[in-house]
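Trainee: This structure is in structure tokens; I'll ask about it shortly.
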Amino acid sequence: MKKDDLVTLTIEDIGHDGEGIGKVMGMTLFVKDALPGDVIQAKIMKMKKTYGYARLMEILSPSLNRVEPRCEHHKRCGGCQLQALSYESQLKFKEEKVRNNLIRIGGFTNPPVRPTLGMKEPYRYRNKAQYPIGVDREGKPVAGFYAARTHSIIPVEDCVLGKQGNGEILRIVLQIMEEKHISAYNEQTGKGCIRHVLIRYGEHTGEWMVCLVINEKKLPCGEIFAQRLSQIPGMTSITVNVNREKTNVILGSHTETIWGQGYITDFIGDISFQISPQSFYQVNPGQTRVLYEKALEYAGLTGNETVWDLYCGIGTISLFLAQKAKKVYGVEIVPQAIENARDNAKRNHIGNAEFFVGKAEEVYPAYCREHGEDARAEVIVVDPPRKGCEESLLEMMCQMSPKRIVYVSCDSATLARDLKYLAAHGYELVEVQPVDQFGQTVHVESVILMQYCGKEKK
Ligand code: SAH
């Protein structure tokens with residue numbers, strides 16, 4: 001087989017990035033947009049020794065799990081990878097992805113992975129949208145998405161994962177830009193004004209936030225943006241964020257409120273949270289509740305426990321658990337988030353949560369060294385970013401031997417690596433629960449219970 005050859009194959013599996021996998025003459029082929037069960041004709045694009053990449057040319061016989069995607073741009077936009085796969089199969093794919101990583105990377109033989117907890121409606125669930133702004137061929141301002149693996153913008157004002165109200169906000173912004181000749185930022189030249197429009201929505205309060213990210217010190221015609229955007233029912237916060245760096249990081253460090261408040265409020269369960277443009281907040285409110293309920297169940301709290309919540313963000317999990325624990329300590333690297341966490345605790349009259357700014361792998365071990373036995377907790381919750389936990393942190397956790405470790409993970413590969421360490425140092429894997437926070441995409445969130453059994457594997 002060589003480049004440009006046409007081959008016929010049956011897709012048997014699905015790769016970590018959602019690509020179809022099949023075999024031809026003993027060689028493994030990866031084919032984007034092909035699904036397990038499809039019989040396809042594909043053209044070889046690139047061959048390595050034992051595997052290669054091919055382009056889907058024709059579906060000869062479609063998989064029974066194929067569905068009609070809701071968004072016409074799903075193939076070109078980098079956001080969704082699984083829209084053509086039935087939701088039931090997506091949930092199965094996520095369960096298998098976690099299981100495979102636990103076996104392959106974690107070295108577990110029969111990991112207790114439960115079926116993925118899915119959404120009732122796997123569309124329109126995102127409470128946050130970040131639209132890059134650019135211009136079309138005629139120079140007209142457009143909002144949209146970057147095409148997969150590129151930085152060219154596909155104009156789309158309505159993403160089916162996001163709220164319907166996003167479209168109206170974008171139309172107002174683009175209209176003012178056109179009327180007042182306000183330029184869009186150009187990534188290549190580093191010139192132009194408006195870079196991104198960040199929109200957030202409080203699912204339980206109906207509050208809207210718009211943050212315009214600009215490449216200038218001041219937003220031209222700020223009062224017109226404020227006046228027109230504030231007409232939208234529920235508008236609560238209009239801010240401008242200044243980012244003058246040539247970078248693909250979206251937000252800069254300085255944010256100014258031009259109308260209303262600098263934050264919106266939302267609820268998880270009975271607890272209210274103030275969310276500013278910079279703070280991390282789970283994007284799928286309904287499933288966040290499901291995830292936290294599971295974490296709470298795994299924590300097994302009776303009211304007498306001390307709990308550490310490492311990587312606590314604005315204190316969402318900490319405050320959720322504080323209602324059922326004696327004391328909760330939260331650690332988070334972003335100072336602004338810890339400020340939010342402390343305010344959130346106060347506003348909700350939660351007095352048994354204490355927060356520290358710093359790296360989990362520094363703050364927690366330092367506290368343990370200083371307080372010795374008094375630092376001991378019954379439960380440690382970790383919710384790290386994709387790269388997982390530092391080994392030095394896991395080492396200190398094992399030394400302090402809490403009864404239960406609850407691991408909340410957004411990357412099952414680093415999760416598997418970290419659980420392998422915990423399993424080798426006295427912990428038993430009790431249960432793994434994937435929770436679908438990101439329907440239509442390949443991303444998987446899961447929550448895991450590890451229990452102390454004292455048996456070290458050498
Ligand atoms: N538990 C929170 C946040 C989870 S996201 C929630 O559910 O909302 C992961 C968080 O870890 C982010 O807030 C990020 O800022 C923080 N973080 C990243 N590296 C860190 C580190 N080394 N130590 C502590 N926090 C870190």
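Chain labels run A, B, ... following the order of the structure tokens; each chain numbers its residues from 1, and ligands are numbered from 1 in the order shown.
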Pull the closest atom pair for each residue of chain A that gets at most 7 Å from ligand 1, along with the distance in Å to one decimal, counting only C-alpha atoms and all ligand atoms, ordering rows by chain and then ascending residue number, as JSON lines.
Mentor:
{"residue": "A:Phe280", "atom": "CA", "partner": "ligand 1", "partner_atom_place_in_ligand_line": "13 (O)", "distance": 5.4}
{"residue": "A:Tyr281", "atom": "CA", "partner": "ligand 1", "partner_atom_place_in_ligand_line": "8 (O)", "distance": 5.0}
{"residue": "A:Gln282", "atom": "CA", "partner": "ligand 1", "partner_atom_place_in_ligand_line": "8 (O)", "distance": 5.4}
{"residue": "A:Leu310", "atom": "CA", "partner": "ligand 1", "partner_atom_place_in_ligand_line": "24 (C)", "distance": 6.4}
{"residue": "A:Tyr311", "atom": "CA", "partner": "ligand 1", "partner_atom_place_in_ligand_line": "25 (N)", "distance": 3.9}
{"residue": "A:Cys312", "atom": "CA", "partner": "ligand 1", "partner_atom_place_in_ligand_line": "1 (N)", "distance": 4.0}
{"residue": "A:Gly313", "atom": "CA", "partner": "ligand 1", "partner_atom_place_in_ligand_line": "13 (O)", "distance": 3.6}
{"residue": "A:Ile314", "atom": "CA", "partner": "ligand 1", "partner_atom_place_in_ligand_line": "8 (O)", "distance": 6.3}
{"residue": "A:Gly315", "atom": "CA", "partner": "ligand 1", "partner_atom_place_in_ligand_line": "2 (C)", "distance": 6.4}
{"residue": "A:Thr316", "atom": "CA", "partner": "ligand 1", "partner_atom_place_in_ligand_line": "8 (O)", "distance": 5.3}
{"residue": "A:Ile317", "atom": "CA", "partner": "ligand 1", "partner_atom_place_in_ligand_line": "1 (N)", "distance": 5.6}
{"residue": "A:Val331", "atom": "CA", "partner": "ligand 1", "partner_atom_place_in_ligand_line": "24 (C)", "distance": 5.8}
{"residue": "A:Glu332", "atom": "CA", "partner": "ligand 1", "partner_atom_place_in_ligand_line": "25 (N)", "distance": 3.8}
{"residue": "A:Ile333", "atom": "CA", "partner": "ligand 1", "partner_atom_place_in_ligand_line": "25 (N)", "distance": 4.1}
{"residue": "A:Val334", "atom": "CA", "partner": "ligand 1", "partner_atom_place_in_ligand_line": "15 (O)", "distance": 5.3}
{"residue": "A:Gly358", "atom": "CA", "partner": "ligand 1", "partner_atom_place_in_ligand_line": "24 (C)", "distance": 5.9}
{"residue": "A:Lys359", "atom": "CA", "partner": "ligand 1", "partner_atom_place_in_ligand_line": "23 (N)", "distance": 3.4}
{"residue": "A:Ala360", "atom": "CA", "partner": "ligand 1", "partner_atom_place_in_ligand_line": "23 (N)", "distance": 3.8}
{"residue": "A:Glu361", "atom": "CA", "partner": "ligand 1", "partner_atom_place_in_ligand_line": "22 (N)", "distance": 6.2}
{"residue": "A:Asp383", "atom": "CA", "partner": "ligand 1", "partner_atom_place_in_ligand_line": "4 (C)", "distance": 5.2}
{"residue": "A:Pro384", "atom": "CA", "partner": "ligand 1", "partner_atom_place_in_ligand_line": "9 (C)", "distance": 4.7}
{"residue": "A:Pro385", "atom": "CA", "partner": "ligand 1", "partner_atom_place_in_ligand_line": "9 (C)", "distance": 4.6}
Trainee: Can you list, as a PyMOL selection string, every residue of range 17-174 of chain A that DSSP puts in strand (DSSP E or B)?
Mentor: chain A and resi 20-24+27-31+39-47+51-61+66+77+85+113+117+128-135+141-147+153-155
Trainee: Mind dumping a table of every range 104-161 of chain A residue within 12 Å of range 242-257 of chain A, with the nearest atom pair and its distance in Å to one decimal, using only C-alpha atoms, sorted by chain and rising number, as a tab-separated table?
Mentor:
residue	atom	partner	partner_atom	distance
A:Ala129	CA	A:Ile250	CA	11.8
A:Gln130	CA	A:Ile250	CA	8.5
A:Tyr131	CA	A:Ile250	CA	9.9
A:Pro132	CA	A:Ile250	CA	8.9
A:Ile133	CA	A:Ile250	CA	11.5
A:Tyr146	CA	A:Asn248	CA	11.7
A:Thr150	CA	A:Asn248	CA	11.9
A:His151	CA	A:Asn248	CA	9.8
Trainee: Just the selected residues (C-alpha atoms), exported as a PDB file, in the first residue's frame, please.
Mentor:
ATOM      1  CA  ALA A 129     -18.500  30.295  24.637  1.00  0.00           C
ATOM      2  CA  GLN A 130     -15.367  31.959  23.314  1.00  0.00           C
ATOM      3  CA  TYR A 131     -15.687  33.189  19.771  1.00  0.00           C
ATOM      4  CA  PRO A 132     -12.617  34.406  17.891  1.00  0.00           C
ATOM      5  CA  ILE A 133     -13.282  37.492  15.774  1.00  0.00           C
ATOM      6  CA  TYR A 146     -11.099  27.880  14.106  1.00  0.00           C
ATOM      7  CA  THR A 150      -5.727  25.749  11.818  1.00  0.00           C
ATOM      8  CA  HIS A 151      -6.204  29.361  12.707  1.00  0.00           C
TER       9      HIS A 151
END
Trainee: Considering only C-alpha atoms, can you say which of A:Val98, A:Val283, A:Met177, A:Val382 comes closest to Gly439 in chain A?
Mentor: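 Nearest to Gly439 in chain A: A:Val283.
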Trainee: Given only C-alpha atoms as the basis, pick out the residue of A:Gly165, A:Gly192, A:Gly139, A:Pro365 nearest to Glu178 in chain A.
Mentor: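 Answer, going by the shortest atom-to-atom distance: A:Gly139.
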Trainee: Between A:Glu168, A:Glu339, A:Glu362, A:Asp266, which has the minimum distance to Gln231 in chain A (counting only C-alpha atoms)?
Mentor: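 Result for the nearest residue to Gln231 in chain A: A:Glu168.
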Trainee: Where does DSSP see helix (DSSP H, G or I) in range 193-247 of chain A, if you list the residues as a list in words?
Mentor: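 Taking range 193-247 of chain A and keeping helix (DSSP H, G or I) gives Gly222, Glu223, Ile224, Phe225, Ala226, Gln227, Arg228 and Leu229 of chain A.
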Trainee: Determine, counting only C-alpha atoms, which protein, DNA and RNA residues have an atom within 10 Å of an atom of Val142 in chain A; residues of the same chain fewer than 3 positions away are not included. Present the result as a list in words.
Mentor: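 Listed by chain and then number, they are Tyr131, Pro132, Ile133, Gly134, Val135, Asp136, Gly139, Phe145, Ile153, Ile154, Pro155, Val156, Glu157, Leu170, Arg171, Val173, Leu174, Gln175, Met177, Glu178 and Ala184 of chain A.
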